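Some notes on the structure that comes next.
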Amino acid sequence: MRPKEIQLIGEELAVKWETGEESYVPLRELRRACPCAVCSGEPDLLGMKRRPPRGALPPEAFRIERIETVGGYVLRPIWKDGHDLGIYTFELIRALGERFAGGGGSGP
Ligand SMILES: [Zn+2]
């Protein structure tokens, strides 16, 4: 599963897959799902779990400056607040797209 086209449309990341399917992920949710150590709260060197103040992120934290594809199998968004540690696999993008499809609300 690879993306054929990656676009930013308004407040969403739109990915068209080579199968013709499309995924739309709200940027806010994309940022909240950031898998990097800082955002996911992995223990630091002292074994302390740091909880990022997610509610306190500035609006720029939910806007994307640009997106890089790395190694042909992951996406790396560069956020406008300068954060660029998150590496999103295509599977994650797809899963997020499914989770938030149709405005969400009535999940399983
Ligand atoms: Zn992060």
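Here, A, B, ... name the chains of the structure tokens in the order displayed, residue numbers run from 1 inside each chain, and ligands are numbered from 1 in the same displayed order.
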Query raised in the report: Which of chain A counts as alpha helix (DSSP H) under DSSP, as a ChimeraX atom specification please?
Result: /A:27-32,37-40,90-99
How about saving the chosen residues, N, CA and C atoms kept, as a compact mmCIF listing (two decimals), in the first residue's frame?
```txt
# COMPACT_ATOMS: atom_id res chain seq x y z
N LEU A 27 -5.76 17.35 10.41
CA LEU A 27 -4.40 17.65 10.86
C LEU A 27 -4.29 17.62 12.38
N ARG A 28 -5.34 18.06 13.04
CA ARG A 28 -5.34 18.06 14.50
C ARG A 28 -5.15 16.64 15.03
N GLU A 29 -5.85 15.71 14.40
CA GLU A 29 -5.75 14.32 14.85
C GLU A 29 -4.41 13.71 14.45
N LEU A 30 -3.93 14.14 13.30
CA LEU A 30 -2.64 13.66 12.84
C LEU A 30 -1.56 14.06 13.85
N ARG A 31 -1.60 15.32 14.27
CA ARG A 31 -0.60 15.79 15.22
C ARG A 31 -0.77 15.08 16.56
N ARG A 32 -2.00 14.87 16.98
CA ARG A 32 -2.23 14.21 18.26
C ARG A 32 -1.77 12.77 18.23
N ALA A 37 8.80 10.08 20.27
CA ALA A 37 8.98 9.83 21.70
C ALA A 37 8.45 10.97 22.55
N VAL A 38 8.64 12.18 22.06
CA VAL A 38 8.19 13.33 22.83
C VAL A 38 6.67 13.35 22.97
N CYS A 39 5.99 13.15 21.86
CA CYS A 39 4.53 13.27 21.87
C CYS A 39 3.84 12.04 22.47
N SER A 40 4.44 10.88 22.27
CA SER A 40 3.78 9.68 22.77
C SER A 40 4.12 9.43 24.23
N PHE A 90 2.73 4.50 6.46
CA PHE A 90 1.54 4.58 5.63
C PHE A 90 0.37 3.86 6.30
N GLU A 91 0.68 2.77 7.00
CA GLU A 91 -0.38 2.04 7.70
C GLU A 91 -1.05 2.91 8.76
N LEU A 92 -0.23 3.67 9.46
CA LEU A 92 -0.79 4.54 10.49
C LEU A 92 -1.70 5.59 9.87
N ILE A 93 -1.25 6.18 8.77
CA ILE A 93 -2.05 7.19 8.08
C ILE A 93 -3.39 6.59 7.67
N ARG A 94 -3.31 5.38 7.16
CA ARG A 94 -4.51 4.72 6.71
C ARG A 94 -5.46 4.42 7.86
N ALA A 95 -4.87 3.95 8.95
CA ALA A 95 -5.69 3.65 10.13
C ALA A 95 -6.35 4.91 10.67
N LEU A 96 -5.60 6.00 10.67
CA LEU A 96 -6.17 7.27 11.13
C LEU A 96 -7.28 7.73 10.20
N GLY A 97 -7.05 7.56 8.92
CA GLY A 97 -8.06 7.94 7.94
C GLY A 97 -9.36 7.18 8.15
N GLU A 98 -9.22 5.91 8.50
CA GLU A 98 -10.41 5.11 8.75
C GLU A 98 -11.09 5.53 10.04
N ARG A 99 -10.28 5.86 11.03
CA ARG A 99 -10.84 6.20 12.32
C ARG A 99 -11.64 7.49 12.25
```
**Report entry** Within 12 Å of ligand 1, counting only C-alpha atoms and all ligand atoms, residues as a ChimeraX atom specification
**Finding:** /A:30-42,51-54,57,61-62,76-79,81-88
**Report entry** Within 7 Å of stretch 16-24 of chain A using only C-alpha atoms, minus same-chain residues under 6 positions, as a PyMOL selection string
**Finding:** chain A and resi 1-6+94+97+101
Just the selected residues (C-alpha atoms), exported as a PDB file, in the first residue's frame, please.
```pdb
ATOM      1  CA  MET A   1       0.000   0.000   0.000  1.00  0.00           C
ATOM      2  CA  ARG A   2       1.625   3.188  -1.188  1.00  0.00           C
ATOM      3  CA  PRO A   3       0.356   6.682  -1.662  1.00  0.00           C
ATOM      4  CA  LYS A   4      -0.044   7.873  -5.192  1.00  0.00           C
ATOM      5  CA  GLU A   5      -0.733  11.399  -4.188  1.00  0.00           C
ATOM      6  CA  ILE A   6      -0.363  13.320  -0.948  1.00  0.00           C
ATOM      7  CA  ARG A  94      -4.511   4.716   6.705  1.00  0.00           C
ATOM      8  CA  GLY A  97      -8.056   7.944   7.942  1.00  0.00           C
ATOM      9  CA  ALA A 101     -13.686   8.996   8.244  1.00  0.00           C
TER      10      ALA A 101
END
```
Picked from chain A by DSSP as strand (DSSP E or B), as a PDB file with C-alpha atoms, in the first residue's frame:
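The new file part.pdb reads:
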```pdb
ATOM      1  CA  PRO A   3       0.356   6.682  -1.662  1.00  0.00           C
ATOM      2  CA  LYS A   4      -0.044   7.873  -5.192  1.00  0.00           C
ATOM      3  CA  GLU A   5      -0.733  11.399  -4.188  1.00  0.00           C
ATOM      4  CA  ILE A   6      -0.363  13.320  -0.948  1.00  0.00           C
ATOM      5  CA  GLN A   7      -2.111  16.629  -0.562  1.00  0.00           C
ATOM      6  CA  LEU A   8      -3.020  19.107   2.082  1.00  0.00           C
ATOM      7  CA  ILE A   9      -6.614  20.137   1.654  1.00  0.00           C
ATOM      8  CA  GLU A  12      -6.905  17.726   6.304  1.00  0.00           C
ATOM      9  CA  LEU A  13      -4.213  15.503   4.957  1.00  0.00           C
ATOM     10  CA  ALA A  14      -5.555  13.764   1.884  1.00  0.00           C
ATOM     11  CA  VAL A  15      -3.812  10.669   0.641  1.00  0.00           C
ATOM     12  CA  LYS A  16      -4.740   8.885  -2.506  1.00  0.00           C
ATOM     13  CA  TRP A  17      -3.502   5.322  -2.445  1.00  0.00           C
ATOM     14  CA  GLU A  22      -8.457   7.768  -0.295  1.00  0.00           C
ATOM     15  CA  SER A  23      -7.719   8.653   3.279  1.00  0.00           C
ATOM     16  CA  TYR A  24      -8.488  11.948   4.932  1.00  0.00           C
ATOM     17  CA  VAL A  25      -6.951  12.714   8.273  1.00  0.00           C
ATOM     18  CA  PRO A  26      -7.712  15.919  10.146  1.00  0.00           C
ATOM     19  CA  PRO A  43      10.092   7.412  29.233  1.00  0.00           C
ATOM     20  CA  LYS A  49       7.107   9.588  31.713  1.00  0.00           C
ATOM     21  CA  ILE A  64       1.854  21.527   8.213  1.00  0.00           C
ATOM     22  CA  GLU A  65       4.685  23.373   6.586  1.00  0.00           C
ATOM     23  CA  ARG A  66       5.536  20.516   4.263  1.00  0.00           C
ATOM     24  CA  ILE A  67       5.598  16.747   4.116  1.00  0.00           C
ATOM     25  CA  GLU A  68       8.542  14.563   3.313  1.00  0.00           C
ATOM     26  CA  THR A  69       8.411  10.940   2.371  1.00  0.00           C
ATOM     27  CA  VAL A  70      11.235   8.966   3.857  1.00  0.00           C
ATOM     28  CA  VAL A  74       6.837   6.662   5.811  1.00  0.00           C
ATOM     29  CA  LEU A  75       5.663  10.240   5.908  1.00  0.00           C
ATOM     30  CA  ARG A  76       7.358  12.943   7.917  1.00  0.00           C
ATOM     31  CA  PRO A  77       5.306  16.079   8.316  1.00  0.00           C
ATOM     32  CA  ILE A  78       7.148  19.265   9.201  1.00  0.00           C
ATOM     33  CA  TRP A  79       4.740  21.159  11.415  1.00  0.00           C
ATOM     34  CA  TYR A  88       4.119   8.141  10.251  1.00  0.00           C
ATOM     35  CA  THR A  89       3.996   4.837   8.478  1.00  0.00           C
TER      36      THR A  89
END
```
